[in-house]
Amino acid sequence: MKTNHKYLPILLFATLAFGILLGGWLNFPGQNQFLAKNNSKNKLNKLLDFIDNEYVDKVNADTITNRAIDNILAQLDPHSVYIPPSEQAQVAESMRGEFVGIGVNFYMYKDSVAIIKPVENGPSEKAGIQSGDRILYADKTKLFGRKLPTDSLFSKLKGKEGSEILVTVYRKSENKKINIKIKRGVIPIKSVDAALLLNPTTGYIKINRFAESTFDEFKTGLTQLKEKGIKSLVIDLRDNGGGYLEQAVAIADEFLTDKQLIVYTKDKNGTIEKTIATKTGSFENGKLFVLINENSASASEILAGAIQDNDRGTIVGRRSFGKGLVQREMDFEDGSAVRLTIARYYTPTGRSIQKPYTKGTEDYLKESESRFKSGELYHKDSIKTPNTPKFKTPKGKIVYGGGGIVPDIFVPLELESSKEHTAYLLQTGILGQFVFEQLDHNRNAFKGLTFEQFILKMKGTDLYLNAFQKHLFKNGINMSLDNNKDLVKRYLAAEFARQLFDENKFYEMVLKKDAMIDAVLK
């Protein structure tokens, strides 16, 4: 199959925008239970009763009800959405920041559960599971050769904390099957991907979403960086679709002084609730930079807006998504939920950054695509701000409302089209799959290497670059890597580092020639 690279960026923007639609909401304490009750005066319920009792054919009442709910919410705004029971448990788990299981990163490789890497200090690592192992059986359930969906696999490996599971693994390096008993434990789902030094005085923290554990993870990373003597900090919110409001607020409080306004909300009755910074900030004086792009939304924009409007730091990147609506999640008895917009939020200067949605959800989500077509992602003067409301920060800087956070320092997308398409490809799953296969073929080639030795090894060869080009052609992706060798080698080395070492090492490799990082360091 021939891949049309013209649409790679558009597809990526659409996918991330959909993630923002489902994943970026602002949680308020004391979530209400919304219970469905029969009511003879409710026309919708009566209609469902008529269909159930009188309609000529058998129908699935749940399917009809779910579609009716979707259609009702579609008349409101793009972020008021229904979450069916099958999805709600997974969403809640992700935002909770943990689950109970055996602690492995895996993917299906040739109909087998292949272990990419066991979670550090997790139950599987402690029990002796190794990278490259194949899980053949979970207790007596056969897992290989069945093409089981991921959710079915998770259900076999998850369980109650402290419960035991006997897994049978095939270890290729020893060419034998091994029975290993694992005691399930709490496995963190990290929302802070990395906390590392860019140079001796500049720290870097990458946040992928705002979950229940985000502030604690962030504070741990910040404390470690402060102990190393940082004077400046970079917070990376690129592609962060949002999450819990209080987590973004708590992080903002680390940088703002006592009584500075962080954010305020206003509901349909005009009731305003303000959130104010406290005296407890641990990094109120160092230099601060926040990285954003067109997929930074919701809680990410609250954090960036609070920093920008209080003249506390510098926003670097491209205009953010533009989500200024507040949702509250309300549960139904069957395990499903509705996420309903209940208020708007405003940055400290009084600006709403919500972009228009009067033309419907489809047009709303495609707005990111229009930025690609208009040239906004390449040139700062293409950002459409002349007709949007202007506001002034305490120091007199002009900031804009009505459609996202406009950065103080604009950093364009890669200007060379071929490089841009290659960069998008490298962020898909095909790179991770290729690296796993290379390690699986000869893991001993990297055995015992220090990180410094690993870097020298990767720099000194085009072996994996050439093999990756063949892998692309084999999978029907007719893209030549000849003009982007340095970029591809950097991402290849980074993915090898992730699978061999950890997430921090991945970012150490990737960020070496990152345009936004370069803008900060200059």
# chains A, B, ... in the order shown; residues from 1 in each chain; ligands from 1

call {"tool": "residues_around", "arguments": {"residues": "Gly324 (chain A)", "least_positions_apart": "3", "cutoff": "8 Å", "atoms": "only C-alpha atoms", "output": "PyMOL selection string"}}
result
chain A and resi 298+344-346+352-355

call {"tool": "write_last_selection", "arguments": {"atoms": "N, CA and C atoms", "output": "JSON list (two decimals), in the first residue's frame"}}
result
[["chain", "number", "residue", "atom", "x", "y", "z"],
["A", 298, "SER", "N", -6.89, 23.10, 27.50],
["A", 298, "SER", "CA", -7.57, 22.98, 28.78],
["A", 298, "SER", "C", -6.65, 23.33, 29.95],
["A", 344, "ARG", "N", -17.33, 28.67, 32.25],
["A", 344, "ARG", "CA", -16.18, 29.07, 31.44],
["A", 344, "ARG", "C", -15.07, 29.51, 32.40],
["A", 345, "TYR", "N", -13.84, 29.32, 31.97],
["A", 345, "TYR", "CA", -12.76, 29.83, 32.81],
["A", 345, "TYR", "C", -12.08, 31.01, 32.13],
["A", 346, "TYR", "N", -11.44, 31.84, 32.93],
["A", 346, "TYR", "CA", -10.78, 33.06, 32.45],
["A", 346, "TYR", "C", -9.40, 33.15, 33.08],
["A", 352, "SER", "N", -10.99, 35.02, 27.98],
["A", 352, "SER", "CA", -11.42, 33.67, 27.67],
["A", 352, "SER", "C", -10.65, 33.23, 26.43],
["A", 353, "ILE", "N", -10.09, 32.04, 26.48],
["A", 353, "ILE", "CA", -9.30, 31.58, 25.33],
["A", 353, "ILE", "C", -10.07, 30.53, 24.53],
["A", 354, "GLN", "N", -11.38, 30.38, 24.80],
["A", 354, "GLN", "CA", -12.19, 29.41, 24.06],
["A", 354, "GLN", "C", -12.40, 29.85, 22.62],
["A", 355, "LYS", "N", -12.06, 28.98, 21.68],
["A", 355, "LYS", "CA", -12.28, 29.29, 20.27],
["A", 355, "LYS", "C", -13.74, 29.00, 19.91]]

call {"tool": "residues_around", "arguments": {"residues": "Ile64 (chain A)", "least_positions_apart": "6", "cutoff": "10 Å", "atoms": "only C-alpha atoms", "output": "CSV table (one decimal) with N, CA, C and O atoms, in the first residue's frame"}}
result
chain,number,residue,atom,x,y,z
A,48,LEU,N,-38.9,5.9,24.4
A,48,LEU,CA,-38.1,4.6,24.6
A,48,LEU,C,-39.1,3.5,25.0
A,48,LEU,O,-38.9,2.4,24.6
A,51,ILE,N,-41.1,2.3,22.0
A,51,ILE,CA,-40.3,1.5,21.1
A,51,ILE,C,-40.1,0.1,21.7
A,51,ILE,O,-40.2,-0.9,21.1
A,70,ASP,N,-26.0,11.0,22.8
A,70,ASP,CA,-25.0,11.6,22.0
A,70,ASP,C,-25.6,12.7,21.1
A,70,ASP,O,-25.0,13.8,21.0

call {"tool": "residues_around", "arguments": {"residues": "Thr168 (chain A)", "least_positions_apart": "2", "cutoff": "8 Å", "atoms": "only C-alpha atoms", "output": "compact mmCIF listing (two decimals) with C-alpha atoms, in the first residue's frame"}}
result
# COMPACT_ATOMS: atom_id res chain seq x y z
CA ILE A 135 3.93 -14.38 27.87
CA LEU A 136 2.36 -17.62 26.63
CA TYR A 137 -0.11 -18.33 29.44
CA ALA A 138 -1.71 -16.32 32.24
CA ASP A 139 -2.60 -19.03 34.75
CA LEU A 166 1.25 -17.78 37.32
CA TYR A 170 9.22 -18.08 26.53
CA LYS A 177 9.85 -21.84 28.77
CA ILE A 178 9.75 -20.61 32.35
CA ASN A 179 6.93 -20.54 34.90
CA ILE A 180 6.98 -17.38 37.00

call {"tool": "select_by_dssp", "arguments": {"residues": "region 191-416 of chain A", "states": "alpha helix (DSSP H)", "output": "ChimeraX atom specification"}}
result
/A:214-227,245-253,299-309,361-365,367-374

call {"tool": "atom_distance", "arguments": {"atom1": "CA of Thr65 (chain A)", "atom2": "CA of Met330 (chain A)"}}
result
16.7 Å

call {"tool": "atom_distance", "arguments": {"atom1": "CA of Ser94 (chain A)", "atom2": "CA of Tyr507 (chain A)"}}
result
22.1 Å

call {"tool": "residues_around", "arguments": {"residues": "Val435 (chain A)", "least_positions_apart": "3", "cutoff": "8 Å", "atoms": "only C-alpha atoms", "output": "PDB file with N, CA, C and O atoms, in the first residue's frame"}}
result
ATOM      1  N   LEU A 431       8.126   3.079  14.671  1.00  0.00           N
ATOM      2  CA  LEU A 431       9.516   3.187  15.127  1.00  0.00           C
ATOM      3  C   LEU A 431       9.760   2.267  16.322  1.00  0.00           C
ATOM      4  O   LEU A 431      10.758   1.542  16.369  1.00  0.00           O
ATOM      5  N   GLY A 432       8.852   2.298  17.299  1.00  0.00           N
ATOM      6  CA  GLY A 432       8.995   1.440  18.469  1.00  0.00           C
ATOM      7  C   GLY A 432       8.981  -0.033  18.111  1.00  0.00           C
ATOM      8  O   GLY A 432       9.734  -0.839  18.670  1.00  0.00           O
ATOM      9  N   GLN A 438      14.676  -5.149  16.331  1.00  0.00           N
ATOM     10  CA  GLN A 438      16.139  -5.139  16.257  1.00  0.00           C
ATOM     11  C   GLN A 438      16.755  -5.674  17.549  1.00  0.00           C
ATOM     12  O   GLN A 438      17.702  -6.468  17.522  1.00  0.00           O
ATOM     13  N   LEU A 439      16.216  -5.249  18.684  1.00  0.00           N
ATOM     14  CA  LEU A 439      16.720  -5.738  19.969  1.00  0.00           C
ATOM     15  C   LEU A 439      16.421  -7.227  20.132  1.00  0.00           C
ATOM     16  O   LEU A 439      17.238  -7.983  20.663  1.00  0.00           O
ATOM     17  N   LEU A 492      15.916   7.276  16.216  1.00  0.00           N
ATOM     18  CA  LEU A 492      16.241   5.866  16.386  1.00  0.00           C
ATOM     19  C   LEU A 492      17.029   5.642  17.676  1.00  0.00           C
ATOM     20  O   LEU A 492      16.720   4.748  18.478  1.00  0.00           O
ATOM     21  N   GLU A 495      14.771   6.049  20.714  1.00  0.00           N
ATOM     22  CA  GLU A 495      13.872   4.920  20.974  1.00  0.00           C
ATOM     23  C   GLU A 495      14.640   3.715  21.512  1.00  0.00           C
ATOM     24  O   GLU A 495      14.164   3.010  22.406  1.00  0.00           O
ATOM     25  N   PHE A 496      15.844   3.482  20.994  1.00  0.00           N
ATOM     26  CA  PHE A 496      16.696   2.441  21.577  1.00  0.00           C
ATOM     27  C   PHE A 496      16.967   2.763  23.054  1.00  0.00           C
ATOM     28  O   PHE A 496      16.926   1.872  23.910  1.00  0.00           O
TER      29      PHE A 496
END

call {"tool": "residues_around", "arguments": {"residues": "Asp216 (chain A)", "least_positions_apart": "3", "cutoff": "12 Å", "atoms": "only C-alpha atoms", "output": "JSON list (two decimals) with N, CA, C and O atoms, in the first residue's frame"}}
result
[["chain", "number", "residue", "atom", "x", "y", "z"],
["A", 97, "GLY", "N", -4.23, 7.71, 37.62],
["A", 97, "GLY", "CA", -2.77, 7.64, 37.62],
["A", 97, "GLY", "C", -2.20, 6.34, 38.13],
["A", 97, "GLY", "O", -0.99, 6.26, 38.39],
["A", 190, "LYS", "N", 2.32, 7.12, 34.66],
["A", 190, "LYS", "CA", 2.98, 8.41, 34.83],
["A", 190, "LYS", "C", 2.39, 9.49, 33.93],
["A", 190, "LYS", "O", 2.12, 9.26, 32.76],
["A", 191, "SER", "N", 2.21, 10.66, 34.51],
["A", 191, "SER", "CA", 1.78, 11.83, 33.73],
["A", 191, "SER", "C", 2.94, 12.79, 33.52],
["A", 191, "SER", "O", 2.85, 13.70, 32.70],
["A", 192, "VAL", "N", 4.02, 12.60, 34.27],
["A", 192, "VAL", "CA", 5.26, 13.36, 34.06],
["A", 192, "VAL", "C", 6.26, 12.41, 33.41],
["A", 192, "VAL", "O", 6.73, 11.46, 34.04],
["A", 207, "ILE", "N", 5.21, 17.16, 30.94],
["A", 207, "ILE", "CA", 3.93, 16.71, 31.49],
["A", 207, "ILE", "C", 3.03, 16.30, 30.33],
["A", 207, "ILE", "O", 2.75, 17.10, 29.44],
["A", 210, "PHE", "N", -2.84, 16.04, 32.95],
["A", 210, "PHE", "CA", -3.00, 16.43, 34.36],
["A", 210, "PHE", "C", -3.92, 15.43, 35.04],
["A", 210, "PHE", "O", -5.15, 15.55, 35.01],
["A", 211, "ALA", "N", -3.31, 14.41, 35.66],
["A", 211, "ALA", "CA", -4.05, 13.37, 36.36],
["A", 211, "ALA", "C", -3.97, 13.62, 37.87],
["A", 211, "ALA", "O", -3.38, 14.61, 38.32],
["A", 212, "GLU", "N", -4.57, 12.72, 38.65],
["A", 212, "GLU", "CA", -4.59, 12.90, 40.11],
["A", 212, "GLU", "C", -3.20, 12.95, 40.71],
["A", 212, "GLU", "O", -2.99, 13.59, 41.74],
["A", 213, "SER", "N", -2.25, 12.28, 40.08],
["A", 213, "SER", "CA", -0.90, 12.19, 40.64],
["A", 213, "SER", "C", 0.08, 13.21, 40.06],
["A", 213, "SER", "O", 1.24, 13.24, 40.44],
["A", 219, "LYS", "N", 6.26, 17.73, 41.59],
["A", 219, "LYS", "CA", 7.00, 18.24, 42.74],
["A", 219, "LYS", "C", 8.24, 17.39, 43.02],
["A", 219, "LYS", "O", 9.31, 17.93, 43.37],
["A", 220, "THR", "N", 8.11, 16.08, 42.84],
["A", 220, "THR", "CA", 9.27, 15.20, 43.01],
["A", 220, "THR", "C", 10.37, 15.56, 42.00],
["A", 220, "THR", "O", 11.55, 15.69, 42.36],
["A", 221, "GLY", "N", 9.99, 15.74, 40.74],
["A", 221, "GLY", "CA", 10.96, 16.10, 39.71],
["A", 221, "GLY", "C", 11.58, 17.46, 39.95],
["A", 221, "GLY", "O", 12.80, 17.63, 39.80],
["A", 222, "LEU", "N", 10.76, 18.44, 40.34],
["A", 222, "LEU", "CA", 11.26, 19.79, 40.60],
["A", 222, "LEU", "C", 12.24, 19.79, 41.77],
["A", 222, "LEU", "O", 13.29, 20.45, 41.72],
["A", 223, "THR", "N", 11.91, 19.05, 42.82],
["A", 223, "THR", "CA", 12.79, 18.98, 43.99],
["A", 223, "THR", "C", 14.15, 18.40, 43.61],
["A", 223, "THR", "O", 15.20, 18.91, 44.02],
["A", 247, "GLN", "N", -4.85, 20.20, 39.60],
["A", 247, "GLN", "CA", -3.45, 19.82, 39.41],
["A", 247, "GLN", "C", -2.67, 20.93, 38.70],
["A", 247, "GLN", "O", -1.54, 21.24, 39.07],
["A", 248, "ALA", "N", -3.29, 21.54, 37.68],
["A", 248, "ALA", "CA", -2.65, 22.66, 36.99],
["A", 248, "ALA", "C", -2.50, 23.86, 37.91],
["A", 248, "ALA", "O", -1.47, 24.55, 37.90],
["A", 250, "ALA", "N", -2.23, 23.77, 41.22],
["A", 250, "ALA", "CA", -1.19, 23.48, 42.22],
["A", 250, "ALA", "C", 0.20, 23.71, 41.65],
["A", 250, "ALA", "O", 1.09, 24.22, 42.34],
["A", 251, "ILE", "N", 0.39, 23.34, 40.39],
["A", 251, "ILE", "CA", 1.69, 23.56, 39.76],
["A", 251, "ILE", "C", 1.94, 25.06, 39.56],
["A", 251, "ILE", "O", 3.05, 25.56, 39.81],
["A", 254, "GLU", "N", 3.33, 26.92, 42.49],
["A", 254, "GLU", "CA", 4.75, 26.77, 42.80],
["A", 254, "GLU", "C", 5.58, 27.95, 42.28],
["A", 254, "GLU", "O", 6.68, 28.18, 42.75]]

call {"tool": "residues_around", "arguments": {"residues": "region 442-448 of chain A", "least_positions_apart": "5", "cutoff": "10 Å", "atoms": "only C-alpha atoms", "output": "list in words"}}
result
Ser131, Gly132, Ser173, Phe436, Glu437, Gln453, Phe454, Lys457, Phe496 and Leu500 of chain A

call {"tool": "write_last_selection", "arguments": {"atoms": "N, CA, C and O atoms", "output": "mmCIF file, in the first residue's frame"}}
result
data_model
loop_
_atom_site.group_PDB
_atom_site.id
_atom_site.type_symbol
_atom_site.label_atom_id
_atom_site.label_comp_id
_atom_site.auth_asym_id
_atom_site.auth_seq_id
_atom_site.Cartn_x
_atom_site.Cartn_y
_atom_site.Cartn_z
ATOM 1 N N SER A 131 12.983 -8.051 29.468
ATOM 2 C CA SER A 131 12.659 -7.515 28.143
ATOM 3 C C SER A 131 12.868 -8.610 27.102
ATOM 4 O O SER A 131 13.865 -9.330 27.132
ATOM 5 N N GLY A 132 11.914 -8.717 26.181
ATOM 6 C CA GLY A 132 11.998 -9.737 25.144
ATOM 7 C C GLY A 132 11.239 -11.014 25.459
ATOM 8 O O GLY A 132 10.984 -11.819 24.560
ATOM 9 N N SER A 173 16.383 -15.718 24.572
ATOM 10 C CA SER A 173 17.838 -15.742 24.796
ATOM 11 C C SER A 173 18.306 -17.065 25.383
ATOM 12 O O SER A 173 19.460 -17.467 25.212
ATOM 13 N N PHE A 436 12.119 -2.650 18.722
ATOM 14 C CA PHE A 436 11.927 -3.890 19.475
ATOM 15 C C PHE A 436 12.419 -5.089 18.663
ATOM 16 O O PHE A 436 13.097 -5.981 19.189
ATOM 17 N N GLU A 437 12.082 -5.121 17.380
ATOM 18 C CA GLU A 437 12.496 -6.233 16.533
ATOM 19 C C GLU A 437 14.019 -6.315 16.421
ATOM 20 O O GLU A 437 14.592 -7.412 16.413
ATOM 21 N N GLN A 453 28.623 4.711 26.384
ATOM 22 C CA GLN A 453 29.060 3.742 25.382
ATOM 23 C C GLN A 453 27.969 3.512 24.340
ATOM 24 O O GLN A 453 28.246 3.347 23.151
ATOM 25 N N PHE A 454 26.723 3.502 24.803
ATOM 26 C CA PHE A 454 25.588 3.342 23.895
ATOM 27 C C PHE A 454 25.533 4.485 22.882
ATOM 28 O O PHE A 454 25.328 4.256 21.682
ATOM 29 N N LYS A 457 28.165 4.055 20.267
ATOM 30 C CA LYS A 457 27.801 2.954 19.376
ATOM 31 C C LYS A 457 26.808 3.418 18.323
ATOM 32 O O LYS A 457 26.951 3.109 17.131
ATOM 33 N N PHE A 496 15.844 3.482 20.994
ATOM 34 C CA PHE A 496 16.696 2.441 21.577
ATOM 35 C C PHE A 496 16.967 2.763 23.054
ATOM 36 O O PHE A 496 16.926 1.872 23.910
ATOM 37 N N LEU A 500 16.028 0.432 26.207
ATOM 38 C CA LEU A 500 17.161 -0.143 26.928
ATOM 39 C C LEU A 500 17.368 0.482 28.305
ATOM 40 O O LEU A 500 17.812 -0.194 29.241
#

call {"tool": "residues_around", "arguments": {"residues": "Gly242 (chain A)", "least_positions_apart": "4", "cutoff": "6 Å", "atoms": "only C-alpha atoms", "output": "ChimeraX atom specification"}}
result
/A:24,209-210,297-300

call {"tool": "write_last_selection", "arguments": {"atoms": "C-alpha atoms", "output": "compact mmCIF listing (two decimals), in the first residue's frame"}}
result
# COMPACT_ATOMS: atom_id res chain seq x y z
CA GLY A 24 -9.18 17.37 28.55
CA ARG A 209 -1.62 15.17 31.03
CA PHE A 210 -3.00 16.43 34.36
CA ALA A 297 -5.39 22.46 25.72
CA SER A 298 -7.57 22.98 28.78
CA ALA A 299 -5.53 22.62 31.99
CA SER A 300 -2.37 23.21 29.95

call {"tool": "select_by_dssp", "arguments": {"residues": "region 359-472 of chain A", "states": "strand (DSSP E)", "output": "number ranges by chain"}}
result
A: 390-392, 398-400, 409-410

call {"tool": "write_last_selection", "arguments": {"atoms": "N, CA and C atoms", "output": "mmCIF file, in the first residue's frame"}}
result
data_model
loop_
_atom_site.group_PDB
_atom_site.id
_atom_site.type_symbol
_atom_site.label_atom_id
_atom_site.label_comp_id
_atom_site.auth_asym_id
_atom_site.auth_seq_id
_atom_site.Cartn_x
_atom_site.Cartn_y
_atom_site.Cartn_z
ATOM 1 N N LYS A 390 -7.989 42.198 23.169
ATOM 2 C CA LYS A 390 -6.644 42.426 23.689
ATOM 3 C C LYS A 390 -6.717 42.749 25.180
ATOM 4 N N PHE A 391 -5.736 42.250 25.907
ATOM 5 C CA PHE A 391 -5.660 42.484 27.344
ATOM 6 C C PHE A 391 -4.226 42.870 27.688
ATOM 7 N N LYS A 392 -4.039 43.522 28.838
ATOM 8 C CA LYS A 392 -2.706 43.923 29.284
ATOM 9 C C LYS A 392 -2.346 43.234 30.588
ATOM 10 N N ILE A 398 0.867 43.001 25.880
ATOM 11 C CA ILE A 398 -0.411 42.710 25.244
ATOM 12 C C ILE A 398 -0.575 41.200 25.094
ATOM 13 N N VAL A 399 -1.711 40.677 25.571
ATOM 14 C CA VAL A 399 -2.051 39.268 25.387
ATOM 15 C C VAL A 399 -3.441 39.206 24.765
ATOM 16 N N TYR A 400 -3.740 38.065 24.134
ATOM 17 C CA TYR A 400 -4.959 37.959 23.346
ATOM 18 C C TYR A 400 -5.899 36.888 23.879
ATOM 19 N N ILE A 409 7.261 33.860 22.432
ATOM 20 C CA ILE A 409 8.285 33.549 21.432
ATOM 21 C C ILE A 409 7.719 32.482 20.506
ATOM 22 N N PHE A 410 7.573 32.811 19.231
ATOM 23 C CA PHE A 410 7.010 31.879 18.255
ATOM 24 C C PHE A 410 8.102 30.976 17.693
#

call {"tool": "closest_residue", "arguments": {"among": "A:Ile102, A:Ile129, A:Ile405, A:Leu198", "to": "Lys512 (chain A)", "atoms": "only C-alpha atoms"}}
result
A:Leu198

call {"tool": "closest_residue", "arguments": {"among": "A:Glu284, A:Asp133, A:Asp408, A:Asp334", "to": "Lys231 (chain A)", "atoms": "only C-alpha atoms"}}
result
A:Glu284
